[in-house]
Amino acid sequence: MFKSKQVKFIFPVFITLIFSGFSVGESPRFMMGLSPYHLAAVKFEETVFIHKEETARQEFLAAQEAERQRIIREREVALKFQQNYEKQVQEKIRQVITDYRARMSPEHIQEISKSILAESKNYDYDPMFLTALIITESSFDRKARSHKGAIGLMQIVPRTGVALATEKKMEWKGKPTLYNPKINIALGTFYLNKLHNRFGDLNLALEAYNHGPTKLAKYLKSGYQPRRYSKKVFQIYEMIDFEPT
């Protein structure tokens with residue numbers, strides 16, 4: 001039989017062991033010097049921490065998904081705006097071409113308007129500005145030929161066309177290549193952009209396009225800056241008066 005003092009000592013320990021066993025759902029055991037009671041408290045804190053961590057993770061994933069959906073919506077809106085803008089641009093170019101070449105087939109008009117739009121995007125020019133340049137050069141006569149031998153919509157001299165096509169790695173099939181509206185516009189816009197980069201000014205680039213870069217450089221060296229051609233292009237550009245809705 002236990003003595004009364006021994007019973008008083010063992011009884012609380014026994015009760016603690018039983019209580020901790022029911023609290024944690026497992027047989028009581030000691031870990032890292034902790035009593036079963038403190039061990040139960042630690043496990044409870046771990047459970048709460050894991051729950052908070054999972055909740056934070058779910059909230060983070062939800063925020064990520066919400067941001068992804070926001071970006072998708074913004075892109076859809078921007079895409080619709082761009083598509084609407086391009087549709088209006090092509091329609092305006094079609095109207096302009098019809099004013100100059102009423103008998104041009106719808107297929108050729110569509111091909112030209114698409115080419116103008118594509119090249120304006122490639123070099124960051126207003127498509128109406130390129131339209132004005134083509135009007136100045138050929139009035140949209142794709143078979144136009146000048147007394148200096150310049151050919152097509154943007155009036156490109158064959159020797160210049162060869163050099164440009166080689167630089168752009170485009171197929172060259174002699175002078176007839178320049179009668180192709182798509183190729184002519186691609187080479188003409190590429191040439192204009194080269195001149196723009198060289199002279200650093202769009203007005204000078206236009207004068208170089210008209211007079212030739214070598215001749216313009218001589219003019220500038222002598223203190224003379226021609227303006228007639230560039231002024232004409234910009235006047236036509238302003239007359240087109242296009243404002244997308």
# chains A, B, ... in the order shown; residues from 1 in each chain; ligands from 1
$ residues_around --residues "A:Lys87" --least-positions-apart "5" --cutoff "12 Å" --atoms "only C-alpha atoms" --output "number ranges by chain"
A: 80-82, 92-94, 110, 113-114, 117, 244-245
$ write_last_selection --atoms "C-alpha atoms" --output "tab-separated table (two decimals), in the first residue's frame"
chain	number	residue	atom	x	y	z
A	80	LYS	CA	-10.86	45.39	-79.37
A	81	PHE	CA	-9.78	49.03	-79.45
A	82	GLN	CA	-6.86	48.22	-81.76
A	92	LYS	CA	-10.44	55.82	-94.47
A	93	ILE	CA	-7.60	54.77	-96.78
A	94	ARG	CA	-10.13	53.01	-99.00
A	110	GLN	CA	-7.67	46.24	-99.77
A	113	SER	CA	-4.64	49.69	-97.34
A	114	LYS	CA	-3.38	46.58	-95.52
A	117	LEU	CA	-1.28	49.84	-92.13
A	244	PRO	CA	-10.73	57.63	-85.12
A	245	THR	CA	-13.75	57.20	-82.85
$ residues_around --residues "stretch 100-109 of chain A" --least-positions-apart "3" --cutoff "8 Å" --atoms "only C-alpha atoms" --output "count of residues only"
8
$ residues_around --residues "A:Asn122" --least-positions-apart "6" --cutoff "12 Å" --atoms "only C-alpha atoms" --output "ChimeraX atom specification"
/A:115-116,185-187,189-190,193
$ write_last_selection --atoms "C-alpha atoms" --output "PDB file, in the first residue's frame"
ATOM      1  CA  SER A 115       0.188  47.264 -96.661  1.00  0.00           C
ATOM      2  CA  ILE A 116       0.062  50.891 -95.524  1.00  0.00           C
ATOM      3  CA  ILE A 185       5.222  50.189 -99.986  1.00  0.00           C
ATOM      4  CA  ALA A 186       7.484  47.976 -97.875  1.00  0.00           C
ATOM      5  CA  LEU A 187      10.640  49.224 -99.619  1.00  0.00           C
ATOM      6  CA  THR A 189       8.671  52.977 -96.015  1.00  0.00           C
ATOM      7  CA  PHE A 190      11.921  51.234 -95.161  1.00  0.00           C
ATOM      8  CA  ASN A 193      12.838  55.336 -92.159  1.00  0.00           C
TER       9      ASN A 193
END
$ atom_distance --atom1 "atom CA of A:Asp241" --atom2 "atom CA of A:Pro127"
12.0 Å
$ closest_residue --among "A:Ala165, A:Leu202, A:Met170, A:Ile135" --to "A:Leu153" --atoms "only C-alpha atoms"
A:Ile135
$ atom_distance --atom1 "atom CA of A:Tyr237" --atom2 "atom CA of A:Thr131"
7.7 Å
$ residues_around --residues "stretch 218-220 of chain A" --least-positions-apart "4" --cutoff "12 Å" --atoms "only C-alpha atoms" --output "PyMOL selection string"
chain A and resi 199+204+207-208+211-214+224-227
$ closest_residue --among "A:Leu192, A:Ile71, A:Ile156, A:Ala132" --to "A:Pro176" --atoms "only C-alpha atoms"
A:Ile156
$ atom_distance --atom1 "atom CA of A:Val233" --atom2 "atom CA of A:Asp99"
17.1 Å
$ closest_residue --among "A:Trp172, A:Phe129, A:Phe49, A:Tyr209" --to "A:Ile240" --atoms "only C-alpha atoms"
A:Phe129
$ closest_residue --among "A:Ser138, A:Gln83, A:Ser120, A:Asn184" --to "A:Thr160" --atoms "only C-alpha atoms"
A:Asn184
